[in-house]
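Undergrad: Got a structure for you, entry.cif, holding mmCIF, C-alpha atoms and all ligand atoms.
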```cif
data_entry
loop_
_atom_site.label_atom_id
_atom_site.label_comp_id
_atom_site.auth_asym_id
_atom_site.auth_seq_id
_atom_site.Cartn_x
_atom_site.Cartn_y
_atom_site.Cartn_z
CA MET L 1 52.70 58.70 34.51
CA LEU L 2 49.60 60.65 33.55
CA ARG L 3 46.21 59.07 33.92
CA PHE L 4 43.00 60.62 32.69
CA PHE L 5 39.49 59.71 31.64
CA ILE L 6 37.98 59.63 28.20
CA PRO L 7 34.52 60.78 29.31
CA GLY L 8 32.22 57.96 30.26
CA ILE L 9 34.44 55.18 29.05
CA VAL L 10 37.89 54.42 30.28
CA LEU L 11 40.83 55.66 32.15
CA ILE L 12 43.94 56.19 30.13
CA SER L 13 47.50 56.27 31.22
CA ILE L 14 50.23 57.52 28.98
CA SER L 15 53.70 56.53 29.96
CA SER L 16 56.57 58.96 30.04
CA CYS L 17 54.38 61.64 31.61
CA ILE L 18 54.70 61.95 35.38
CA GLN L 19 51.70 62.86 37.43
CA PRO L 20 50.41 61.63 40.79
CA ASP L 21 48.25 58.58 40.45
CA GLN L 22 44.53 59.22 40.35
CA SER L 23 41.67 56.99 41.30
CA PHE L 24 42.38 53.83 39.31
CA LYS L 25 39.39 52.01 40.75
CA GLU L 26 36.98 54.44 39.11
CA ALA L 27 37.99 53.23 35.67
CA ALA L 28 35.68 50.81 33.92
CA PRO L 29 37.29 47.60 32.67
CA VAL L 30 37.86 47.38 28.95
CA SER L 31 36.26 44.21 27.69
CA ARG L 32 35.28 44.75 24.05
CA ILE L 33 37.75 46.09 21.51
CA LEU L 34 36.70 46.29 17.88
CA PHE L 35 38.87 47.11 14.92
CA GLY L 36 39.07 47.24 11.15
CA SER L 37 41.12 48.55 8.23
CA CYS L 38 41.08 49.28 4.50
CA ALA L 39 38.18 51.67 4.03
CA ARG L 40 37.78 53.65 0.82
CA GLU L 41 36.55 57.11 1.69
CA ASN L 42 34.56 57.31 -1.56
CA LYS L 43 32.47 54.22 -0.74
CA PRO L 44 29.54 53.90 1.65
CA GLN L 45 30.56 52.16 4.88
CA PRO L 46 27.41 50.48 6.23
CA ILE L 47 29.53 48.01 8.21
CA LEU L 48 30.19 50.83 10.68
CA GLN L 49 26.58 50.58 11.82
CA HIS L 50 27.14 46.97 12.97
CA ILE L 51 30.24 48.10 14.82
CA ILE L 52 28.23 50.71 16.71
CA GLU L 53 25.57 48.12 17.60
CA LYS L 54 28.24 45.99 19.32
CA GLN L 55 28.80 48.84 21.80
CA PRO L 56 32.59 48.62 21.80
CA ASP L 57 34.74 50.17 24.50
CA LEU L 58 37.15 51.09 21.72
CA PHE L 59 37.34 51.01 17.96
CA ILE L 60 40.80 50.90 16.40
CA TYR L 61 41.50 51.83 12.78
CA LEU L 62 44.45 49.74 11.64
CA GLY L 63 45.45 51.69 8.56
CA ASP L 64 44.46 52.32 4.96
CA ASN L 65 41.75 54.28 6.74
CA ILE L 66 41.59 56.39 3.59
CA TYR L 67 43.21 55.74 0.23
CA GLY L 68 45.23 58.94 0.16
CA ASP L 69 47.97 57.80 -2.22
CA THR L 70 49.33 61.26 -2.85
CA GLU L 71 52.11 63.68 -1.97
CA ASP L 72 49.64 66.52 -2.43
CA MET L 73 48.39 67.32 1.05
CA GLN L 74 45.42 69.23 -0.27
CA VAL L 75 44.23 66.04 -1.96
CA MET L 76 44.97 64.05 1.20
CA GLN L 77 42.99 66.51 3.30
CA GLU L 78 40.04 66.35 0.91
CA LYS L 79 39.98 62.57 1.31
CA TYR L 80 40.06 62.86 5.10
CA ASP L 81 37.26 65.40 4.84
CA LEU L 82 35.21 62.97 2.77
CA LEU L 83 35.60 60.27 5.44
CA GLY L 84 34.84 62.81 8.16
CA SER L 85 31.65 63.89 6.43
CA LYS L 86 30.15 60.40 6.38
CA PRO L 87 27.25 60.11 8.82
CA GLU L 88 28.20 56.50 9.64
CA PHE L 89 31.74 57.58 10.51
CA GLN L 90 30.47 60.46 12.64
CA GLN L 91 28.20 58.03 14.47
CA VAL L 92 31.12 55.73 15.31
CA ARG L 93 33.05 58.67 16.69
CA ALA L 94 30.08 59.76 18.76
CA ALA L 95 29.46 56.25 20.07
CA THR L 96 32.91 55.15 21.23
CA THR L 97 36.56 56.00 21.62
CA VAL L 98 38.31 55.80 18.26
CA LEU L 99 42.05 55.20 17.92
CA ALA L 100 44.08 54.90 14.74
CA THR L 101 47.37 54.00 13.20
CA TRP L 102 48.22 54.17 9.52
CA ASP L 103 49.27 51.91 6.69
CA ASP L 104 50.72 52.72 3.29
CA HIS L 105 47.69 54.29 1.61
CA ASP L 106 46.89 56.81 4.34
CA TYR L 107 50.63 57.36 4.82
CA GLY L 108 50.59 58.41 1.18
CA GLU L 109 52.01 55.81 -1.22
CA ASN L 110 51.51 52.14 -1.92
CA ASP L 111 53.98 50.03 0.12
CA ALA L 112 56.01 53.14 1.07
CA GLY L 113 58.50 53.25 3.92
CA ARG L 114 60.91 55.78 5.36
CA HIS L 115 61.80 57.36 2.01
CA PHE L 116 58.29 58.73 1.37
CA ARG L 117 58.93 62.43 0.85
CA ALA L 118 55.68 63.83 2.26
CA LYS L 119 55.72 61.81 5.48
CA ALA L 120 56.04 64.77 7.87
CA ALA L 121 53.16 66.66 6.25
CA SER L 122 51.05 63.51 6.07
CA ARG L 123 51.68 62.92 9.78
CA GLU L 124 50.27 66.35 10.61
CA LEU L 125 47.07 65.63 8.72
CA PHE L 126 46.77 62.21 10.33
CA LEU L 127 47.19 63.51 13.89
CA ASN L 128 44.76 66.36 13.29
CA PHE L 129 42.10 64.20 11.67
CA TRP L 130 42.26 61.60 14.44
CA GLU L 131 42.02 64.40 17.00
CA GLU L 132 45.30 63.82 18.78
CA PRO L 133 45.38 66.45 21.54
CA VAL L 134 47.80 69.31 20.92
CA ASN L 135 49.82 68.49 24.03
CA SER L 136 49.95 64.74 23.38
CA GLU L 137 53.26 62.88 23.68
CA ARG L 138 52.44 61.50 20.26
CA ARG L 139 53.05 64.90 18.72
CA LYS L 140 56.51 65.21 20.31
CA HIS L 141 58.34 62.50 18.38
CA GLU L 142 58.81 61.49 14.76
CA GLY L 143 56.20 59.08 13.47
CA ILE L 144 52.83 58.22 14.98
CA TYR L 145 53.52 55.34 17.39
CA HIS L 146 51.62 55.61 20.65
CA SER L 147 50.49 53.59 23.64
CA MET L 148 48.05 53.73 26.52
CA LEU L 149 46.94 51.79 29.54
CA LEU L 150 43.21 51.35 30.02
CA GLY L 151 41.02 50.08 32.83
CA PRO L 152 41.48 49.40 36.53
CA GLU L 153 44.80 48.28 37.95
CA ASP L 154 44.11 44.55 38.09
CA MET L 155 42.46 44.52 34.65
CA THR L 156 44.81 46.76 32.74
CA VAL L 157 44.75 46.53 28.96
CA GLN L 158 47.64 48.12 27.14
CA ILE L 159 47.08 49.35 23.61
CA ILE L 160 50.23 49.81 21.54
CA LEU L 161 49.81 51.49 18.16
CA LEU L 162 52.85 50.79 16.00
CA ASP L 163 54.06 52.94 13.13
CA THR L 164 55.09 50.47 10.42
CA ARG L 165 55.83 53.20 7.86
CA THR L 166 57.91 56.14 9.01
CA PHE L 167 61.09 54.23 9.82
CA ARG L 168 60.85 51.13 7.63
CA ASP L 169 63.59 50.41 5.12
CA ASN L 170 62.80 49.58 1.53
CA LEU L 171 61.38 46.13 1.01
CA TRP L 172 63.38 43.59 -0.94
CA LYS L 173 61.77 43.03 -4.32
CA ASN L 174 61.21 39.47 -5.38
CA ASP L 175 63.54 39.04 -8.36
CA GLY L 176 62.10 35.65 -9.26
CA SER L 177 65.38 33.85 -8.70
CA GLY L 178 64.44 32.01 -5.53
CA PRO L 179 61.57 30.09 -3.97
CA PHE L 180 59.58 33.28 -3.39
CA LYS L 181 56.29 34.60 -4.70
CA ASN L 182 54.34 37.82 -5.24
CA ASP L 183 56.08 41.17 -4.71
CA TYR L 184 58.65 40.71 -1.97
CA MET L 185 61.23 38.32 -0.62
CA PRO L 186 62.70 38.43 2.91
CA ASN L 187 65.24 41.22 3.30
CA PRO L 188 68.66 39.60 3.86
CA ILE L 189 70.42 42.73 5.14
CA PRO L 190 70.88 42.18 8.89
CA ASP L 191 70.45 45.81 9.98
CA SER L 192 67.46 46.60 7.77
CA THR L 193 64.61 47.72 9.97
CA PHE L 194 60.87 47.57 10.23
CA LEU L 195 60.33 49.84 13.26
CA GLY L 196 63.57 51.81 13.52
CA ASP L 197 65.78 52.18 16.60
CA GLN L 198 63.82 55.01 18.18
CA GLN L 199 60.53 53.10 18.04
CA TRP L 200 62.18 49.88 19.26
CA MET L 201 63.56 51.68 22.32
CA TRP L 202 60.16 53.21 23.02
CA LEU L 203 58.47 49.83 22.59
CA GLU L 204 60.79 48.23 25.13
CA GLN L 205 59.73 50.86 27.68
CA GLN L 206 56.06 50.19 26.95
CA LEU L 207 56.41 46.43 27.33
CA ARG L 208 57.95 46.96 30.76
CA GLU L 209 54.80 48.77 31.95
CA PRO L 210 52.57 46.53 34.06
CA ALA L 211 49.54 45.28 32.12
CA ARG L 212 47.61 42.01 31.97
CA ILE L 213 46.74 42.09 28.27
CA ARG L 214 48.67 43.97 25.59
CA ILE L 215 47.17 44.59 22.19
CA ILE L 216 49.78 45.51 19.62
CA ALA L 217 48.15 47.16 16.62
CA SER L 218 50.33 46.67 13.55
CA SER L 219 48.98 47.67 10.15
CA ASN L 220 50.91 44.79 8.58
CA GLN L 221 50.44 41.17 9.58
CA PHE L 222 52.84 39.72 12.12
CA GLY L 223 51.87 36.13 12.85
CA HIS L 224 51.13 34.61 9.46
CA GLU L 225 53.28 32.59 7.08
CA TYR L 226 55.41 34.41 4.46
CA ASN L 227 53.34 35.07 1.35
CA GLY L 228 55.26 37.69 -0.62
CA TRP L 229 53.01 40.63 0.27
CA GLU L 230 53.87 43.36 2.73
CA SER L 231 54.32 42.06 6.28
CA TRP L 232 56.74 41.44 9.11
CA THR L 233 57.88 38.33 7.23
CA ASN L 234 59.65 40.68 4.78
CA VAL L 235 62.09 41.55 7.56
CA PRO L 236 62.40 38.26 9.46
CA HIS L 237 65.17 39.40 11.81
CA GLU L 238 62.87 42.19 13.01
CA ARG L 239 60.07 39.71 13.62
CA GLN L 240 62.47 37.64 15.70
CA ARG L 241 63.54 40.81 17.49
CA MET L 242 59.92 41.34 18.51
CA LEU L 243 59.72 37.84 19.99
CA ASP L 244 63.00 38.40 21.79
CA LEU L 245 61.82 41.74 23.17
CA ILE L 246 58.56 40.23 24.44
CA SER L 247 60.67 37.53 26.08
CA SER L 248 63.37 39.77 27.59
CA THR L 249 60.81 42.19 29.03
CA LYS L 250 58.67 39.26 30.24
CA ALA L 251 55.69 40.99 28.68
CA ASN L 252 52.76 38.66 29.26
CA GLY L 253 49.50 38.76 27.35
CA VAL L 254 50.68 40.09 23.98
CA ILE L 255 48.17 39.82 21.13
CA PHE L 256 48.63 41.35 17.68
CA ILE L 257 45.88 42.86 15.57
CA SER L 258 46.51 43.72 11.93
CA GLY L 259 44.88 44.72 8.64
CA ASP L 260 46.04 45.55 5.11
CA VAL L 261 45.52 42.29 3.19
CA HIS L 262 41.82 42.51 2.24
CA TRP L 263 40.77 39.35 3.99
CA GLY L 264 40.28 38.37 7.63
CA GLU L 265 42.02 35.55 9.49
CA LEU L 266 43.45 34.46 12.81
CA SER L 267 47.10 33.39 12.85
CA LYS L 268 48.85 31.56 15.68
CA TYR L 269 52.61 32.04 15.45
CA GLU L 270 54.41 29.40 17.47
CA VAL L 271 58.14 29.44 18.04
CA LYS L 272 59.78 27.10 20.54
CA GLY L 273 60.71 28.90 23.74
CA TYR L 274 58.06 31.63 23.39
CA TYR L 275 54.36 31.65 24.09
CA PRO L 276 52.21 31.64 20.93
CA ILE L 277 51.52 35.01 19.37
CA TYR L 278 47.98 35.32 18.10
CA ASP L 279 47.44 37.84 15.30
CA LEU L 280 43.83 38.66 14.46
CA THR L 281 43.67 40.26 11.03
CA SER L 282 40.64 42.24 9.92
CA SER L 283 40.58 43.70 6.41
CA GLY L 284 38.72 45.40 4.98
CA LEU L 285 35.84 47.59 6.00
CA THR L 286 35.09 48.22 2.32
CA GLU L 287 37.77 46.24 0.46
CA THR L 288 37.99 42.55 -0.44
CA TRP L 289 40.41 40.40 -2.46
CA ASP L 290 39.71 37.69 -5.00
CA SER L 291 41.99 35.06 -3.46
CA VAL L 292 43.69 34.21 -0.20
CA GLU L 293 47.27 33.10 0.43
CA VAL L 294 48.38 29.87 2.08
CA ASN L 295 48.96 30.36 5.80
CA ARG L 296 49.96 27.35 7.87
CA ASN L 297 49.61 29.48 10.99
CA ARG L 298 45.92 30.11 10.27
CA VAL L 299 43.36 29.01 12.86
CA GLY L 300 40.00 28.20 11.23
CA ASP L 301 38.98 29.64 7.89
CA PRO L 302 39.80 32.97 6.26
CA VAL L 303 37.05 35.55 5.84
CA LEU L 304 36.72 36.78 2.28
CA GLU L 305 33.87 39.26 2.76
CA THR L 306 34.19 42.78 4.13
CA ASN L 307 34.71 42.39 7.86
CA TYR L 308 35.58 43.79 11.26
CA GLY L 309 37.36 42.17 14.19
CA MET L 310 36.55 41.91 17.87
CA ILE L 311 38.56 40.96 20.93
CA GLU L 312 36.39 40.32 23.95
CA ILE L 313 37.80 39.79 27.44
CA ASP L 314 35.83 37.97 30.12
CA TRP L 315 37.24 39.44 33.33
CA ASP L 316 34.92 37.39 35.57
CA LYS L 317 37.29 34.42 35.55
CA PRO L 318 40.45 34.35 37.75
CA LEU L 319 42.36 33.87 34.50
CA PRO L 320 40.43 35.91 31.98
CA LEU L 321 39.12 34.33 28.79
CA ILE L 322 39.89 36.09 25.52
CA SER L 323 37.64 35.62 22.48
CA PHE L 324 38.71 36.41 18.94
CA ARG L 325 35.90 37.09 16.50
CA ILE L 326 35.49 38.28 12.94
CA TYR L 327 32.11 39.45 11.65
CA ASP L 328 31.35 40.07 8.00
CA GLY L 329 29.61 43.06 6.47
CA GLN L 330 26.21 41.43 7.00
CA ASP L 331 27.14 41.03 10.68
CA SER L 332 27.39 37.24 10.46
CA LEU L 333 29.94 35.71 12.82
CA LYS L 334 32.56 34.14 10.52
CA LEU L 335 35.28 33.22 13.01
CA HIS L 336 35.34 32.55 16.74
CA HIS L 337 38.25 31.25 18.77
CA GLN L 338 38.72 31.44 22.52
CA ILE L 339 41.86 31.23 24.63
CA SER L 340 42.73 31.78 28.27
CA LEU L 341 45.11 34.52 29.33
CA GLU L 342 47.12 31.64 30.79
CA ASP L 343 47.87 30.50 27.20
CA ILE L 344 49.82 33.69 26.44
CA ASN L 345 51.81 34.04 29.64
CA PHE L 346 55.38 33.02 30.40
FE FE G 1 48.15 48.54 3.06
#
```
Can you present the structure in this file as structure tokens?

TA:
Amino acid sequence: MLRFFIPGIVLISISSCIQPDQSFKEAAPVSRILFGSCARENKPQPILQHIIEKQPDLFIYLGDNIYGDTEDMQVMQEKYDLLGSKPEFQQVRAATTVLATWDDHDYGENDAGRHFRAKAASRELFLNFWEEPVNSERRKHEGIYHSMLLGPEDMTVQIILLDTRTFRDNLWKNDGSGPFKNDYMPNPIPDSTFLGDQQWMWLEQQLREPARIRIIASSNQFGHEYNGWESWTNVPHERQRMLDLISSTKANGVIFISGDVHWGELSKYEVKGYYPIYDLTSSGLTETWDSVEVNRNRVGDPVLETNYGMIEIDWDKPLPLISFRIYDGQDSLKLHHQISLEDINF
């Protein structure tokens, strides 16, 4: 296991590398994680200024970070360059540690999965733009999934960045014959996959790493109710597989964060025999939608304005408190819900 510092901020540990342990106690606890998604590179992004003012320990881009939508990698690169040239984006990068995963539009095609022809070339651009080190484990496997352990030993936060694109089978189009709506119906083929075998095996290893809180960043929503748009509910047996994996690895403290849908909300997914899975969705940094879908798992109200999300951890308590927040583009607090770590433990 390799542990190293991002200067001035946190200590990172990347599993599958082996290196003698270094001074864990020198690492600062991670207590404020901000995130967002769905940002058009050709629009101003003033919301980033509010994100900087919150002084996050981390900012996570959850996908649709640009609207690439092309197999032409010159066009894709130009769009990354446009984002990279924005002063507000440069200021975020200078102010905090920035992590990223992708969704369909920065992968390269609306709703695309494993059959997208330019996925290898797109991956190269993604990893280069997000400054993945040349010797990173992330560059040694197909796709862009990645994980890290942050903070001191008794306050470890694990960040798991899923790749919901590279390995995902085609979605099952809603043919209008059943009780389904919008674009997609649940895929009935039992071995159809969302993450792919290789990523599932990797994820099992990550969930066996010791950590108190685990933030799983999934571009697509996990914990909401089926609504016919892209999400884990399109492949329900894979969603159940996730619950079963969390259970079999006894991975305490799992929280999902997600983007993609152009509104913000908190979902609480409760299945008998498992602890509740909270999924805090923030979308988008520039994009909004003109309606919101029914979601019986929703806690509080949806956020229809541009928005960003925040998870704050109060480590001062014996059982840490975890706050979920969504702020809109004017920096008004639109959603706040607090739980104890005890609530998401076996
Ligand atoms: Fe998307």

Undergrad: Do you know which residues are at most 6 Å from stretch 67-72 of chain L counting only C-alpha atoms, after dropping those on the same chain fewer than 4 positions away, and could you put them as a PyMOL selection string?

TA: chain L and resi 40+76+105-106+108-109+118

Undergrad: Please identify every polymer residue within 10 Å of ligand FE 1 (chain G), using only C-alpha atoms and all ligand atoms, and present the set as a PyMOL selection string.

TA: chain L and resi 37-38+62-65+67+102-107+109-112+219-220+229-231+259-262+283

Undergrad: Which residues, written as a list of chain:residue names, have at least one atom at most 10 Å from L:Arg296, with all atoms listed in the file counted and residues fewer than 4 positions away on the same chain left out?

TA: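 Skipping anything fewer than 4 positions along the chain leaves L:His224, L:Glu225, L:Tyr226, L:Ser267, L:Lys268, L:Tyr269.
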
Undergrad: Quick one: residues within 7 Å of L:Ala39, all atoms listed in the file, excluding same-chain residues fewer than 6 positions away - as an MDAnalysis selection string?

TA: chainID L and resid 64:66 284:287

Undergrad: If we count all atoms listed in the file, what is near stretch 307-321 of chain L at a cut-off of 7 Å, once residues fewer than 6 positions away on the same chain are taken out, given as a list in words?

TA: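 Answer for this query is Ser31, Arg32, Ile33, Leu34, Phe35, Gly36, Gly264, Ser282, Ser283, Gly284, Leu285, Tyr327, Asp328, Gly329, Gln338, Ile339, Ser340, Leu341 and Glu342 of chain L.
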
Undergrad: How would the residues just picked look written out with C-alpha atoms as a short mmCIF file (atom, residue, chain, number, x, y, z; two decimals), in the coordinates of the input?

TA:
```cif
data_model
loop_
_atom_site.label_atom_id
_atom_site.label_comp_id
_atom_site.auth_asym_id
_atom_site.auth_seq_id
_atom_site.Cartn_x
_atom_site.Cartn_y
_atom_site.Cartn_z
CA SER L 31 36.26 44.21 27.69
CA ARG L 32 35.28 44.75 24.05
CA ILE L 33 37.75 46.09 21.51
CA LEU L 34 36.70 46.29 17.88
CA PHE L 35 38.87 47.11 14.92
CA GLY L 36 39.07 47.24 11.15
CA GLY L 264 40.28 38.37 7.63
CA SER L 282 40.64 42.24 9.92
CA SER L 283 40.58 43.70 6.41
CA GLY L 284 38.72 45.40 4.98
CA LEU L 285 35.84 47.59 6.00
CA TYR L 327 32.11 39.45 11.65
CA ASP L 328 31.35 40.07 8.00
CA GLY L 329 29.61 43.06 6.47
CA GLN L 338 38.72 31.44 22.52
CA ILE L 339 41.86 31.23 24.63
CA SER L 340 42.73 31.78 28.27
CA LEU L 341 45.11 34.52 29.33
CA GLU L 342 47.12 31.64 30.79
#
```

Undergrad: Which of these residues is nearest to L:Val92, using all atoms listed in the file: L:His50, L:Arg298, L:Arg325, L:Arg138?

TA: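 Smallest separation from L:Val92 among the options: L:His50.
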
Undergrad: Taking all atoms listed in the file into account, which of L:Phe126, L:Tyr274, L:Phe116, L:Phe59 comes nearest L:Lys79?

TA: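 Using all atoms listed in the file, L:Lys79 sits closest to L:Phe126.
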
Undergrad: Need the shell around L:Tyr145: protein/DNA/RNA residues with any atom at most 9 Å away, counting only C-alpha atoms. Skip same-chain ones fewer than 2 positions apart. Format as a list in words?

TA: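 These residues fall inside the cut-off: Thr101, Arg138, His141, Glu142, Gly143, Ser147, Ile160, Leu161, Leu162, Asp163, Thr164, Gln199 and Trp202 of chain L.
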
Undergrad: Grab the residues selected above and save them as a compact mmCIF listing (two decimals), keeping the file's coordinate frame with C-alpha atoms.

TA:
```txt
# COMPACT_ATOMS: atom_id res chain seq x y z
CA THR L 101 47.37 54.00 13.20
CA ARG L 138 52.44 61.50 20.26
CA HIS L 141 58.34 62.50 18.38
CA GLU L 142 58.81 61.49 14.76
CA GLY L 143 56.20 59.08 13.47
CA SER L 147 50.49 53.59 23.64
CA ILE L 160 50.23 49.81 21.54
CA LEU L 161 49.81 51.49 18.16
CA LEU L 162 52.85 50.79 16.00
CA ASP L 163 54.06 52.94 13.13
CA THR L 164 55.09 50.47 10.42
CA GLN L 199 60.53 53.10 18.04
CA TRP L 202 60.16 53.21 23.02
```

Undergrad: Report, in Å with one decimal, the straight-line distance from atom CA of L:Ala120 to atom CA of L:Thr233.

TA: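 Value for the atom CA of L:Ala120-atom CA of L:Thr233 distance: 26.5 Å.
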
Undergrad: For L:Ile215, which residue out of L:His146, L:Lys119, L:Lys43, L:Lys334 is the nearest one, using only C-alpha atoms?

TA: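 So, comparing all the options, the nearest one is L:His146.
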
Undergrad: Do you have the atom CA of L:Arg208-atom CA of L:Gly196 distance handy?

TA: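 A separation of 18.8 Å between them.
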
Undergrad: Tell me which of L:Leu82, L:Ile159, L:Ile216, L:Leu266 sits closest to L:Ile326, counting only C-alpha atoms.

TA: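 Distance minimum relative to L:Ile326 lands on L:Leu266.
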
Undergrad: In Å, rounded to a single decimal, give me how far atom CA of L:His337 is from atom CA of L:Leu304.

TA: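 Computing it gives 17.5 Å between the two atoms.
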
Undergrad: May I ask which of the residues L:Met185, L:Leu83, L:Ile47, L:Val303 is the closest one to L:Gly228, counting only C-alpha atoms?

TA: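 The answer is L:Met185, which sits nearest to L:Gly228.
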
Undergrad: Choose the residue, out of L:Gly178, L:Pro302, L:Gly253, L:Gly273, that has the smallest atom-to-atom separation from L:Ile322; count only C-alpha atoms.

TA: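 Using only C-alpha atoms, L:Ile322 sits closest to L:Gly253.
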
Undergrad: Mind filling out stretch 160-171 of chain L with N, CA, C and O atoms and sending it as a compact mmCIF listing (two decimals), in the coordinates of the input?

TA:
```
# COMPACT_ATOMS: atom_id res chain seq x y z
N ILE L 160 49.00 49.29 22.17
CA ILE L 160 50.23 49.81 21.54
C ILE L 160 49.96 49.97 20.05
O ILE L 160 49.66 48.99 19.35
N LEU L 161 50.04 51.20 19.58
CA LEU L 161 49.81 51.49 18.16
C LEU L 161 51.17 51.66 17.49
O LEU L 161 51.89 52.62 17.78
N LEU L 162 51.54 50.71 16.67
CA LEU L 162 52.85 50.79 16.00
C LEU L 162 52.76 51.66 14.75
O LEU L 162 51.72 51.77 14.11
N ASP L 163 53.90 52.24 14.40
CA ASP L 163 54.06 52.94 13.13
C ASP L 163 54.95 52.05 12.26
O ASP L 163 56.16 51.95 12.47
N THR L 164 54.34 51.40 11.28
CA THR L 164 55.09 50.47 10.42
C THR L 164 55.57 51.14 9.14
O THR L 164 55.99 50.45 8.20
N ARG L 165 55.53 52.47 9.10
CA ARG L 165 55.83 53.20 7.86
C ARG L 165 57.01 54.15 7.95
O ARG L 165 57.90 54.14 7.11
N THR L 166 57.00 54.99 8.98
CA THR L 166 57.91 56.14 9.01
C THR L 166 59.38 55.75 9.01
O THR L 166 60.24 56.47 8.51
N PHE L 167 59.69 54.60 9.61
CA PHE L 167 61.09 54.23 9.82
C PHE L 167 61.51 53.01 9.00
O PHE L 167 62.67 52.60 9.05
N ARG L 168 60.59 52.42 8.28
CA ARG L 168 60.85 51.13 7.63
C ARG L 168 61.72 51.26 6.39
O ARG L 168 61.46 52.10 5.53
N ASP L 169 62.74 50.42 6.31
CA ASP L 169 63.59 50.41 5.12
C ASP L 169 62.83 49.87 3.92
O ASP L 169 61.78 49.23 4.06
N ASN L 170 63.41 50.12 2.75
CA ASN L 170 62.80 49.58 1.53
C ASN L 170 62.65 48.06 1.61
O ASN L 170 63.52 47.38 2.15
N LEU L 171 61.57 47.58 1.07
CA LEU L 171 61.38 46.13 1.01
C LEU L 171 62.25 45.57 -0.11
O LEU L 171 62.68 46.28 -1.01
```
